[in-house]
$ cat start_8.txt   # compact mmCIF, C-alpha atoms
# COMPACT_ATOMS: atom_id res chain seq x y z
CA MET H 251 43.78 344.10 197.48
CA ARG H 252 42.32 343.77 201.00
CA ASN H 253 45.51 343.28 202.99
CA THR H 254 45.57 345.57 206.00
CA ASN H 255 49.10 344.56 206.97
CA SER H 256 51.65 345.81 204.45
CA SER H 257 53.98 342.91 205.29
CA LEU H 258 51.42 340.37 204.05
CA SER H 259 51.05 339.51 200.39
CA SER H 260 48.65 337.47 198.26
CA PHE H 261 51.60 336.18 196.20
CA ARG H 262 54.94 334.70 197.11
CA ASP H 263 57.52 335.96 194.62
CA CYS H 264 55.64 338.26 192.22
CA GLN H 265 53.55 341.37 192.33
CA PRO H 266 50.06 341.21 190.76
CA ASN H 267 51.14 343.41 187.85
CA GLU H 268 53.86 340.87 186.99
CA ILE H 269 51.39 338.00 186.47
CA GLU H 270 49.53 337.55 183.19
CA LEU H 271 45.82 338.28 183.27
CA VAL H 272 43.05 336.05 182.01
CA GLY H 273 40.51 337.84 179.82
CA VAL H 274 36.77 338.15 180.31
CA VAL H 275 34.75 336.54 177.50
CA ASP H 276 31.19 336.83 178.85
CA GLU H 277 29.07 337.85 181.80
CA LEU H 278 25.70 336.84 183.17
CA LYS H 279 24.07 339.57 185.19
CA PRO H 280 21.95 339.05 188.31
CA VAL H 281 18.24 338.48 187.70
CA ASN H 282 17.37 341.30 190.10
CA GLY H 283 19.52 343.80 188.21
CA LEU H 284 21.70 344.67 191.21
CA THR H 285 25.31 344.41 190.11
CA ASN H 286 27.07 346.01 193.08
CA ALA H 287 24.69 345.53 196.00
CA HIS H 288 24.70 342.48 198.24
CA ARG H 289 22.04 341.15 200.54
CA PRO H 290 21.49 337.62 201.89
CA GLY H 291 19.76 335.34 199.41
CA LEU H 292 21.27 336.87 196.26
CA GLU H 293 24.54 334.94 196.26
CA THR H 294 25.74 332.66 193.51
CA TRP H 295 26.89 329.89 195.81
CA THR H 296 27.41 327.43 192.99
CA CYS H 297 27.54 327.11 189.23
CA ALA H 298 27.94 324.11 186.93
CA TRP H 299 28.52 323.05 183.34
CA SER H 300 26.89 320.02 181.76
CA GLU H 301 29.43 317.33 180.86
CA ASP H 302 28.73 317.76 177.12
CA ASN H 303 29.35 321.53 177.48
CA LEU H 304 25.94 322.40 176.04
CA TYR H 305 24.39 323.94 179.17
CA PHE H 306 25.42 326.17 182.03
CA ALA H 307 23.46 326.69 185.26
CA TRP H 308 23.92 328.81 188.35
CA SER H 309 22.03 329.89 191.45
CA CYS H 310 21.27 333.46 190.53
CA GLY H 311 19.65 334.54 193.81
CA ASP H 312 16.11 335.09 195.07
CA LYS H 313 15.40 331.32 194.94
CA PHE H 314 16.01 331.07 191.18
CA VAL H 315 18.31 328.98 189.02
CA ARG H 316 19.03 330.05 185.49
CA LEU H 317 19.74 327.44 182.81
CA VAL H 318 21.30 328.76 179.61
CA PRO H 319 22.71 327.09 176.48
CA TRP H 320 26.44 327.31 175.89
CA ASP H 321 27.89 327.87 172.43
CA LYS H 322 30.36 324.99 172.46
CA PRO H 323 32.18 325.68 169.14
CA ASN H 324 32.85 329.32 170.02
CA GLY H 325 33.46 328.78 173.74
CA ARG H 326 30.99 331.37 174.99
CA LEU H 327 27.34 331.96 175.75
CA CYS H 328 25.04 331.68 172.76
CA LYS H 329 23.71 334.92 171.35
CA ARG H 330 20.28 334.40 172.87
CA ALA H 331 21.79 333.94 176.33
CA ARG H 332 23.84 337.13 175.97
CA GLN H 333 20.78 339.10 174.90
CA TYR H 334 18.70 337.54 177.64
CA SER H 335 21.28 338.46 180.28
CA ASN H 336 21.16 342.07 179.14
CA ASP H 337 17.36 342.20 179.13
CA SER H 338 16.37 339.85 181.97
CA THR H 339 16.83 342.46 184.66
CA GLN H 340 13.76 344.26 183.37
CA GLY H 341 10.15 343.24 183.85
CA GLU H 342 8.43 340.61 185.96
CA ARG H 343 9.92 337.27 186.91
CA VAL H 344 8.08 334.07 186.06
CA ASN H 345 8.58 330.42 186.87
CA ILE H 346 10.00 329.40 183.50
CA ILE H 347 11.14 331.73 180.75
CA ILE H 348 11.78 330.51 177.21
CA GLU H 349 13.50 333.11 175.11
CA ASN H 350 13.51 332.91 171.31
CA VAL H 351 15.40 335.23 169.02
CA GLU H 352 16.48 335.13 165.43
CA GLU H 353 19.18 332.67 164.46
CA GLU H 354 22.78 333.76 164.39
CA GLU H 355 24.09 335.70 161.47
CA GLU H 356 26.17 333.83 158.96
CA GLY H 357 29.71 333.38 160.25
CA ASP H 358 28.56 333.11 163.88
CA GLN H 359 26.70 329.84 163.78
CA GLU H 360 25.87 327.93 166.96
CA GLU H 361 25.44 324.28 167.63
CA ASN H 362 21.70 323.50 168.09
CA PRO H 363 20.51 327.15 168.10
CA GLN H 364 16.98 326.19 169.24
CA ARG H 365 17.95 325.24 172.78
CA PRO H 366 15.82 327.40 175.11
CA ILE H 367 16.68 329.45 178.17
CA TYR H 368 14.97 328.67 181.48
CA LEU H 369 14.58 330.55 184.73
CA LEU H 370 13.65 327.88 187.28
CA ASP H 371 11.77 328.93 190.41
CA CYS H 372 12.93 326.61 193.20
CA LYS H 373 10.76 328.28 195.88
CA GLU H 374 13.71 328.20 198.31
CA HIS H 375 17.24 329.53 198.47
CA VAL H 376 19.51 327.42 196.26
CA TRP H 377 22.88 326.30 197.61
CA SER H 378 24.08 323.77 195.02
CA VAL H 379 23.50 322.75 191.40
CA ALA H 380 24.86 319.86 189.33
CA PHE H 381 24.21 318.18 185.98
CA GLY H 382 23.68 314.48 185.41
CA ALA H 383 23.20 312.57 182.18
CA SER H 384 21.86 309.17 181.21
CA GLN H 385 23.82 307.64 178.36
CA SER H 386 22.25 304.19 178.23
CA LEU H 387 20.96 303.24 174.79
CA GLN H 388 19.90 299.76 175.78
CA ASP H 389 16.87 298.33 177.57
CA ASN H 390 14.86 301.50 178.01
CA THR H 391 12.44 299.65 180.29
CA GLN H 392 15.12 299.63 182.97
CA SER H 393 15.81 303.37 182.80
CA TRP H 394 14.44 305.87 185.29
CA LYS H 395 10.65 305.48 185.32
CA ARG H 396 10.02 309.21 185.30
CA LEU H 397 12.39 309.61 182.38
CA LYS H 398 10.85 308.47 179.12
CA SER H 399 13.83 308.91 176.82
CA ASN H 400 17.54 308.11 176.79
CA ASN H 401 20.43 310.56 176.57
CA CYS H 402 18.60 313.03 178.81
CA THR H 403 20.39 315.76 180.76
CA LEU H 404 19.13 316.50 184.27
CA LEU H 405 19.77 319.42 186.59
CA ALA H 406 19.75 318.86 190.35
CA THR H 407 19.29 321.78 192.74
CA GLY H 408 20.08 321.53 196.47
CA LEU H 409 17.85 323.72 198.63
CA HIS H 410 17.87 325.42 202.02
CA SER H 411 15.36 323.04 203.61
CA GLY H 412 17.27 319.89 202.62
CA LYS H 413 15.17 319.12 199.55
CA ILE H 414 16.73 318.24 196.19
CA LYS H 415 14.75 319.11 193.07
CA LEU H 416 15.48 317.49 189.71
CA TRP H 417 14.70 319.26 186.44
CA ASP H 418 14.61 318.15 182.80
CA CYS H 419 16.99 320.43 180.89
CA SER H 420 15.17 319.92 177.59
CA THR H 421 11.79 321.13 178.90
CA GLY H 422 12.50 322.97 182.14
CA ASN H 423 9.96 320.77 183.92
CA LEU H 424 10.31 319.69 187.54
CA LEU H 425 10.61 315.90 187.57
CA ILE H 426 10.90 314.88 191.21
CA GLU H 427 11.74 316.08 194.72
CA LEU H 428 14.06 314.06 196.93
CA LEU H 429 13.39 314.33 200.66
CA ASP H 430 15.80 312.96 203.22
CA HIS H 431 18.28 315.63 204.29
CA LYS H 432 17.39 317.70 207.35
CA ASP H 433 19.43 320.81 206.57
CA VAL H 434 20.97 322.81 203.72
CA VAL H 435 22.16 320.68 200.77
CA ARG H 436 25.56 322.26 200.16
CA GLY H 437 26.98 319.97 197.46
CA ILE H 438 25.73 317.64 194.72
CA SER H 439 27.74 315.41 192.41
CA PHE H 440 26.79 312.91 189.67
CA THR H 441 28.81 309.98 188.40
CA GLN H 442 30.08 310.56 184.88
CA ASP H 443 29.42 307.07 183.51
CA GLY H 444 25.74 307.72 182.73
CA SER H 445 24.51 305.56 185.61
CA LEU H 446 22.62 308.49 187.19
CA LEU H 447 24.02 307.81 190.64
CA MET H 448 24.08 311.02 192.67
CA ALA H 449 25.73 312.06 195.92
CA SER H 450 24.60 314.95 198.09
CA ALA H 451 26.38 316.59 201.03
CA ALA H 452 24.42 318.58 203.60
CA ARG H 453 24.80 320.57 206.76
CA ASP H 454 23.09 317.79 208.71
CA GLY H 455 26.45 315.98 208.74
CA THR H 456 25.49 313.33 206.18
CA VAL H 457 26.38 312.39 202.62
CA LYS H 458 23.58 310.51 200.88
CA LEU H 459 23.70 308.38 197.73
CA TRP H 460 20.75 308.27 195.34
CA ASP H 461 19.88 306.00 192.40
CA LEU H 462 17.89 308.09 189.93
CA LYS H 463 17.25 305.08 187.70
CA ASP H 464 15.28 303.67 190.62
CA ASP H 465 12.98 306.70 190.98
CA GLY H 466 15.50 308.51 193.17
CA ASN H 467 15.89 305.78 195.76
CA MET H 468 18.24 306.84 198.58
CA TYR H 469 20.31 303.70 199.09
CA CYS H 470 23.15 304.75 201.40
CA THR H 471 23.96 307.32 204.10
CA LEU H 472 27.58 308.17 204.93
CA ARG H 473 28.95 310.33 207.73
CA THR H 474 32.17 312.33 207.62
CA GLY H 475 32.37 313.32 211.27
CA ALA H 476 31.93 316.99 210.37
CA LYS H 477 29.04 319.04 211.73
CA TRP H 478 28.57 320.61 208.29
CA ASN H 479 29.44 319.04 204.94
CA ASN H 480 30.28 321.68 202.34
CA SER H 481 31.00 319.72 199.16
CA CYS H 482 31.17 316.23 197.68
CA LYS H 483 32.66 314.88 194.47
CA TRP H 484 32.80 311.56 192.63
CA SER H 485 36.12 310.57 191.11
CA ARG H 486 36.07 310.52 187.32
CA ASP H 487 36.26 306.71 187.28
CA CYS H 488 33.27 306.60 189.71
CA LYS H 489 35.11 304.26 192.10
CA TYR H 490 35.68 306.82 194.85
CA LEU H 491 33.61 309.49 196.56
CA ALA H 492 35.01 312.41 198.55
CA ALA H 493 33.37 314.88 200.92
CA VAL H 494 34.72 317.90 202.79
CA GLY H 495 33.35 320.07 205.55
CA SER H 496 33.86 321.79 208.86
CA ASN H 497 36.30 320.66 211.54
CA LYS H 498 39.12 320.34 208.95
CA MET H 499 37.35 317.26 207.60
CA ALA H 500 38.16 315.65 204.23
CA VAL H 501 37.10 312.04 203.72
CA ILE H 502 37.37 309.63 200.77
CA TRP H 503 35.40 306.39 200.43
CA LYS H 504 36.04 303.53 198.07
CA MET H 505 32.58 302.70 196.82
CA ASP H 506 32.82 298.94 197.16
CA GLU H 507 33.93 299.41 200.81
CA THR H 508 31.81 302.28 202.13
CA ASN H 509 32.21 301.03 205.69
CA LYS H 510 35.84 302.16 205.47
CA SER H 511 37.06 305.68 204.78
CA ARG H 512 40.34 307.55 204.43
CA GLN H 513 40.65 310.86 206.23
CA LEU H 514 43.02 313.46 204.80
CA ARG H 515 44.83 315.42 207.51
CA GLY H 516 46.65 318.67 206.87
CA HIS H 517 44.20 321.59 206.87
CA PHE H 518 43.69 323.94 209.84
CA HIS H 519 40.18 325.27 209.17
CA ASP H 520 36.85 324.45 207.49
CA ILE H 521 37.24 322.97 204.02
CA GLN H 522 34.87 324.48 201.47
CA SER H 523 35.43 322.80 198.12
CA CYS H 524 37.04 319.78 196.47
CA ASP H 525 37.64 318.28 193.04
CA PHE H 526 39.27 315.27 191.38
CA SER H 527 41.62 315.52 188.42
CA PRO H 528 40.45 314.02 185.09
CA ASP H 529 42.53 310.87 185.63
CA SER H 530 41.35 310.59 189.27
CA ALA H 531 45.02 310.56 190.34
CA LEU H 532 44.90 313.92 192.16
CA PHE H 533 42.46 315.41 194.62
CA ALA H 534 42.28 319.12 195.48
CA THR H 535 40.77 320.78 198.57
CA ALA H 536 40.16 324.50 199.18
CA CYS H 537 40.16 325.66 202.78
CA TYR H 538 39.65 328.75 204.91
CA ASP H 539 43.26 328.32 206.11
CA THR H 540 44.36 330.20 202.93
CA ARG H 541 45.55 327.03 201.15
CA VAL H 542 44.63 324.67 198.37
CA ILE H 543 46.18 321.26 198.94
CA ILE H 544 46.74 318.68 196.20
CA TRP H 545 46.56 315.10 197.52
CA ASP H 546 47.13 311.59 196.35
CA PRO H 547 43.62 310.22 197.09
CA TYR H 548 44.80 306.61 197.22
CA THR H 549 47.49 307.07 199.85
CA GLY H 550 46.44 310.29 201.58
CA ASP H 551 49.84 311.87 200.87
CA MET H 552 50.02 315.64 200.54
CA LEU H 553 51.71 316.38 197.20
CA LEU H 554 51.50 320.15 196.88
CA GLU H 555 50.35 323.27 198.72
CA LEU H 556 49.08 326.36 196.89
CA GLY H 557 49.21 329.33 199.23
CA HIS H 558 46.99 332.43 199.00
CA LEU H 559 48.68 334.42 201.76
CA TYR H 560 52.42 335.01 202.39
CA PRO H 561 54.02 334.51 204.75
CA PRO H 562 51.69 331.58 205.47
CA PRO H 563 49.72 332.02 208.71
CA ARG H 564 50.62 329.78 211.62
CA PRO H 565 47.97 327.16 212.43
CA ILE H 566 46.49 329.20 215.28
CA PHE H 567 45.87 332.11 212.88
CA ALA H 568 45.01 329.94 209.86
CA GLY H 569 42.14 328.55 211.93
CA GLY H 570 40.61 332.00 212.39
CA ALA H 571 39.62 335.02 210.33
CA ASN H 572 42.42 335.92 207.91
CA ASP H 573 40.77 337.80 205.00
CA HIS H 574 42.09 335.17 202.57
CA TYR H 575 39.53 332.38 202.86
CA VAL H 576 39.79 330.13 199.81
CA ARG H 577 36.24 329.52 198.61
CA SER H 578 36.47 327.13 195.66
CA VAL H 579 38.80 325.01 193.55
CA SER H 580 38.47 323.24 190.20
CA PHE H 581 40.68 321.13 187.90
CA SER H 582 41.09 321.84 184.20
CA LYS H 583 40.61 319.10 181.62
CA ASP H 584 44.39 318.64 181.18
CA GLY H 585 44.82 317.82 184.88
CA LEU H 586 47.77 320.18 185.33
CA HIS H 587 45.91 323.44 185.91
CA VAL H 588 43.78 324.38 188.90
CA CYS H 589 41.70 327.52 189.41
CA SER H 590 40.78 328.95 192.80
CA VAL H 591 39.03 332.01 194.23
CA ALA H 592 39.67 333.62 197.59
CA ASP H 593 38.45 336.54 199.67
CA ASP H 594 41.49 338.64 198.78
CA GLY H 595 39.77 339.49 195.48
CA TYR H 596 41.66 337.32 192.98
CA LEU H 597 40.89 334.46 190.66
CA ARG H 598 44.05 332.37 190.39
CA VAL H 599 44.97 329.81 187.74
CA TRP H 600 47.83 327.56 188.83
CA ASP H 601 50.22 325.48 186.75
CA LEU H 602 50.92 322.51 189.03
CA GLU H 603 54.35 321.98 187.46
CA ASP H 604 55.37 325.55 188.40
CA SER H 605 53.36 326.44 191.48
CA CYS H 606 55.43 329.18 193.15
CA ASP H 607 52.86 331.75 192.06
CA PRO H 608 49.75 331.52 189.86
CA GLN H 609 50.33 331.36 186.13
CA TYR H 610 47.34 333.68 185.50
CA ILE H 611 45.15 335.89 187.68
CA ALA H 612 42.13 338.17 187.42
CA GLU H 613 40.77 340.66 189.91
CA HIS H 614 37.35 339.49 191.03
CA GLN H 615 35.82 340.82 194.23
CA ASN H 616 33.32 338.83 196.32
CA ALA H 617 33.83 335.57 194.41
CA LEU H 618 32.19 332.50 195.95
CA CYS H 619 32.66 329.70 193.42
CA CYS H 620 34.68 328.84 190.34
CA SER H 621 34.57 326.02 187.83
CA PHE H 622 36.57 324.96 184.78
CA SER H 623 34.56 324.01 181.73
CA PRO H 624 34.84 320.22 181.23
CA GLN H 625 35.82 320.50 177.57
CA ASP H 626 37.80 323.70 177.12
CA HIS H 627 39.74 326.31 179.11
CA ARG H 628 36.86 328.57 180.09
CA ILE H 629 36.41 329.43 183.77
CA SER H 630 33.16 330.54 185.41
CA VAL H 631 33.22 332.60 188.61
CA GLY H 632 30.09 333.32 190.64
CA ASN H 633 29.88 336.16 193.14
CA ARG H 634 27.83 337.48 196.05
CA THR H 635 25.55 339.66 193.92
CA GLY H 636 24.13 336.77 191.88
CA GLY H 637 26.16 337.21 188.70
CA VAL H 638 28.70 335.07 186.84
CA VAL H 639 31.77 336.15 184.87
CA PHE H 640 33.45 333.87 182.31
CA TYR H 641 37.21 333.97 181.77
CA ALA H 642 39.32 332.43 179.02
CA MET H 643 42.62 330.83 179.94
CA PRO H 644 45.08 330.86 177.01
CA ARG H 645 45.14 327.57 175.15
CA CYS H 646 47.98 325.25 175.94
CA VAL H 647 48.93 321.88 174.49
CA PRO H 648 49.79 319.28 177.16
CA ALA H 649 53.17 317.62 176.82
CA LEU H 650 53.23 314.09 175.43
CA GLN H 651 54.57 312.92 178.81
CA GLN H 652 51.49 314.30 180.55
CA LEU H 653 49.12 312.73 178.03
CA CYS H 654 50.79 309.36 178.57
CA ARG H 655 50.67 309.78 182.35
CA VAL H 656 46.95 310.59 182.28
CA THR H 657 46.25 307.56 180.08
CA ILE H 658 48.14 305.22 182.41
CA ARG H 659 46.72 306.70 185.62
CA LYS H 660 43.17 306.26 184.39
CA GLN H 661 43.87 302.53 184.59
CA VAL H 662 46.43 302.21 187.40
CA ILE H 663 46.04 303.69 190.89
CA SER H 664 48.98 304.99 192.93
CA THR H 665 49.36 301.91 195.10
CA LYS H 666 49.68 299.71 192.00
CA VAL H 667 52.25 301.87 190.20
CA ASP H 668 55.08 300.39 192.28
CA HIS H 669 54.25 296.95 190.88
CA LEU H 670 54.95 298.06 187.31
CA HIS H 671 58.26 297.00 185.76
CA LEU H 672 59.48 300.53 185.23
CA PRO H 673 62.44 302.65 186.41
CA VAL H 674 61.99 304.27 189.82
CA ARG H 675 62.15 307.76 188.36
CA LEU H 676 59.32 306.97 185.95
CA LYS H 677 57.23 305.52 188.77
CA GLU H 678 57.70 308.75 190.73
CA PHE H 679 56.57 310.70 187.68
CA LEU H 680 53.45 308.55 187.31
CA LYS H 681 52.62 309.16 190.98
CA TYR H 682 52.90 312.95 190.45
CA HIS H 683 55.80 313.17 192.89
CA ASP H 684 57.45 315.62 190.50
CA LEU H 685 55.01 318.39 191.45

$ encode --input "start_8.txt" --output "structure tokens"
Amino acid sequence: MRNTNSSLSSFRDCQPNEIELVGVVDELKPVNGLTNAHRPGLETWTCAWSEDNLYFAWSCGDKFVRLVPWDKPNGRLCKRARQYSNDSTQGERVNIIIENVEEEEEGDQEENPQRPIYLLDCKEHVWSVAFGASQSLQDNTQSWKRLKSNNCTLLATGLHSGKIKLWDCSTGNLLIELLDHKDVVRGISFTQDGSLLMASAARDGTVKLWDLKDDGNMYCTLRTGAKWNNSCKWSRDCKYLAAVGSNKMAVIWKMDETNKSRQLRGHFHDIQSCDFSPDSALFATACYDTRVIIWDPYTGDMLLELGHLYPPPRPIFAGGANDHYVRSVSFSKDGLHVCSVADDGYLRVWDLEDSCDPQYIAEHQNALCCSFSPQDHRISVGNRTGGVVFYAMPRCVPALQQLCRVTIRKQVISTKVDHLHLPVRLKEFLKYHDL
């Protein structure tokens, strides 16, 4: 695509026309109506799905976040969201927009068709969004004081000034502002156990932990050693927290020992994105050095490298401008597929068991972020003009071996696998050393 040197390639063994394409299923257009132009402030730096797959949110530029319902049974935007995307580029912008249209025709029914659409005015440029949910059905008096009901979905937005704003997804109302960071909040992550614990990573060099059931009390500050932190992520079992940033920095904390940290060494440039696999056994980092690295988060071992430029640049060149910066990475729900976007203009979907070249690709210029849906094989990709495109990866049924491995690894960490009374080859398989 953008290679100026004919000897360089975005793929190792195949040409782009030899790799299967993923299809587009939906698109959300920029609020400002500009689909090809780019100016600072319009970028979709981040997008997120709610864990129940009922909502999707993204920073759509000009200080706005759009929150739309997702049609979970059909794996696409609901009809109202599609119509709203086509029409929202016309007319004046307001703080909150609730769009109502007629119900779906028979044969195209949606789950909960009355969920509204919101355009949230954050008053500042938005750099990160994330969903959190409270699942406690007991002792409502102990739940978040500003939250009057259980099973509520929240949306957190990280802003340019260091503020974090929390919104109620059911009403679109602003609930609270959290003030402690001194610079851009680049990443936000919620625990997935319903405890409403939140982590935020900012360009002030800190990672802060918040307890939203205690009115957003900030109870811990962690430092990675990086000047800028670009992303943070809780493990799916909520026992570990990771953060990545500038200066090749990737750090993992065990939450009951936050005074100790494990630093992952292997990248040559700023790390932009990270994600844990569904069984918390793998950890992926996306870096400007043209690589995605898959790690064992419990030992710090490098298990797999996914290259986006061939031949791979030497460290001195990988640490500079190379036109193949990897911007984002995300795990699929089966734990064996990873999607990534890079500046060479491709969305890649990798099969970790056959990682020579991507299993699927799509041409997508100016992509900044990507995310797998938590409950199906849809992929969202946000770009510099403020829009989002949704892709559908072909359905695949995980092997029984993989399902068993995921079940075991949800309970047993890597360092404890060796204590199991199992054959050595099976232990290696459980530790993902077969990748």

$ closest_residue --input "start_8.txt" --among "H:Cys482, H:Leu446, H:Ala298, H:Leu554" --to "Ile521 of chain H" --atoms "all atoms listed in the file"
H:Cys482

$ residues_around --input "start_8.txt" --residues "segment 447-456 of chain H" --least-positions-apart "6" --cutoff "7 Å" --atoms "all atoms listed in the file" --output "ChimeraX atom specification"
/H:431-441,462,471-482

$ write_last_selection --input "start_8.txt" --atoms "C-alpha atoms" --output "PDB file, keeping the file's coordinate frame"
ATOM      1  CA  HIS H 431      18.280 315.630 204.290  1.00  0.00           C
ATOM      2  CA  LYS H 432      17.390 317.700 207.350  1.00  0.00           C
ATOM      3  CA  ASP H 433      19.430 320.810 206.570  1.00  0.00           C
ATOM      4  CA  VAL H 434      20.970 322.810 203.720  1.00  0.00           C
ATOM      5  CA  VAL H 435      22.160 320.680 200.770  1.00  0.00           C
ATOM      6  CA  ARG H 436      25.560 322.260 200.160  1.00  0.00           C
ATOM      7  CA  GLY H 437      26.980 319.970 197.460  1.00  0.00           C
ATOM      8  CA  ILE H 438      25.730 317.640 194.720  1.00  0.00           C
ATOM      9  CA  SER H 439      27.740 315.410 192.410  1.00  0.00           C
ATOM     10  CA  PHE H 440      26.790 312.910 189.670  1.00  0.00           C
ATOM     11  CA  THR H 441      28.810 309.980 188.400  1.00  0.00           C
ATOM     12  CA  LEU H 462      17.890 308.090 189.930  1.00  0.00           C
ATOM     13  CA  THR H 471      23.960 307.320 204.100  1.00  0.00           C
ATOM     14  CA  LEU H 472      27.580 308.170 204.930  1.00  0.00           C
ATOM     15  CA  ARG H 473      28.950 310.330 207.730  1.00  0.00           C
ATOM     16  CA  THR H 474      32.170 312.330 207.620  1.00  0.00           C
ATOM     17  CA  GLY H 475      32.370 313.320 211.270  1.00  0.00           C
ATOM     18  CA  ALA H 476      31.930 316.990 210.370  1.00  0.00           C
ATOM     19  CA  LYS H 477      29.040 319.040 211.730  1.00  0.00           C
ATOM     20  CA  TRP H 478      28.570 320.610 208.290  1.00  0.00           C
ATOM     21  CA  ASN H 479      29.440 319.040 204.940  1.00  0.00           C
ATOM     22  CA  ASN H 480      30.280 321.680 202.340  1.00  0.00           C
ATOM     23  CA  SER H 481      31.000 319.720 199.160  1.00  0.00           C
ATOM     24  CA  CYS H 482      31.170 316.230 197.680  1.00  0.00           C
TER      25      CYS H 482
END

$ atom_distance --input "start_8.txt" --atom1 "atom CA of Arg512 of chain H" --atom2 "atom CA of Arg564 of chain H"
25.5 Å

$ atom_distance --input "start_8.txt" --atom1 "atom CA of Leu602 of chain H" --atom2 "atom CA of Tyr305 of chain H"
28.3 Å

$ atom_distance --input "start_8.txt" --atom1 "atom CA of Lys666 of chain H" --atom2 "atom CA of Gln442 of chain H"
23.5 Å

$ closest_residue --input "start_8.txt" --among "H:Phe581, H:Trp503, H:Trp600, H:Trp295" --to "Thr535 of chain H" --atoms "only C-alpha atoms"
H:Phe581

$ closest_residue --input "start_8.txt" --among "H:Phe622, H:Gln661, H:His627, H:Glu555" --to "Lys489 of chain H" --atoms "only C-alpha atoms"
H:Gln661

$ closest_residue --input "start_8.txt" --among "H:Tyr538, H:Trp377, H:Tyr610, H:Phe314" --to "Ala568 of chain H" --atoms "only C-alpha atoms"
H:Tyr538

$ residues_around --input "start_8.txt" --residues "Cys620 of chain H" --least-positions-apart "4" --cutoff "6 Å" --atoms "all atoms listed in the file" --output "VMD selection string"
chain H and resid 578 630 to 631

$ residues_around --input "start_8.txt" --residues "Ile629 of chain H" --least-positions-apart "3" --cutoff "12 Å" --atoms "only C-alpha atoms" --output "ChimeraX atom specification"
/H:272-277,297-299,306,325-326,579-583,587-591,597-599,610-612,619-626,632,638-644

$ closest_residue --input "start_8.txt" --among "H:Arg628, H:His517, H:Lys463, H:His574" --to "Asn324 of chain H" --atoms "all atoms listed in the file"
H:Arg628

$ closest_residue --input "start_8.txt" --among "H:Lys413, H:Lys279, H:Lys373, H:Lys329" --to "Gly291 of chain H" --atoms "only C-alpha atoms"
H:Lys373

$ residues_around --input "start_8.txt" --residues "Lys504 of chain H" --least-positions-apart "3" --cutoff "9 Å" --atoms "all atoms listed in the file" --output "JSON, numbers by chain"
{"H": [489, 490, 491, 492, 507, 508, 509, 510, 511, 512]}

$ residues_near_point --input "start_8.txt" --point "(25.3, 324.3, 188.6)" --cutoff "8 Å" --atoms "all atoms listed in the file" --output "PyMOL selection string"
chain H and resi 296-299+306-309+378-381+405-407

$ residues_around --input "start_8.txt" --residues "segment 315-321 of chain H" --least-positions-apart "2" --cutoff "8 Å" --atoms "only C-alpha atoms" --output "ChimeraX atom specification"
/H:303-311,313,323-328,331,360-361,365-372,376,419
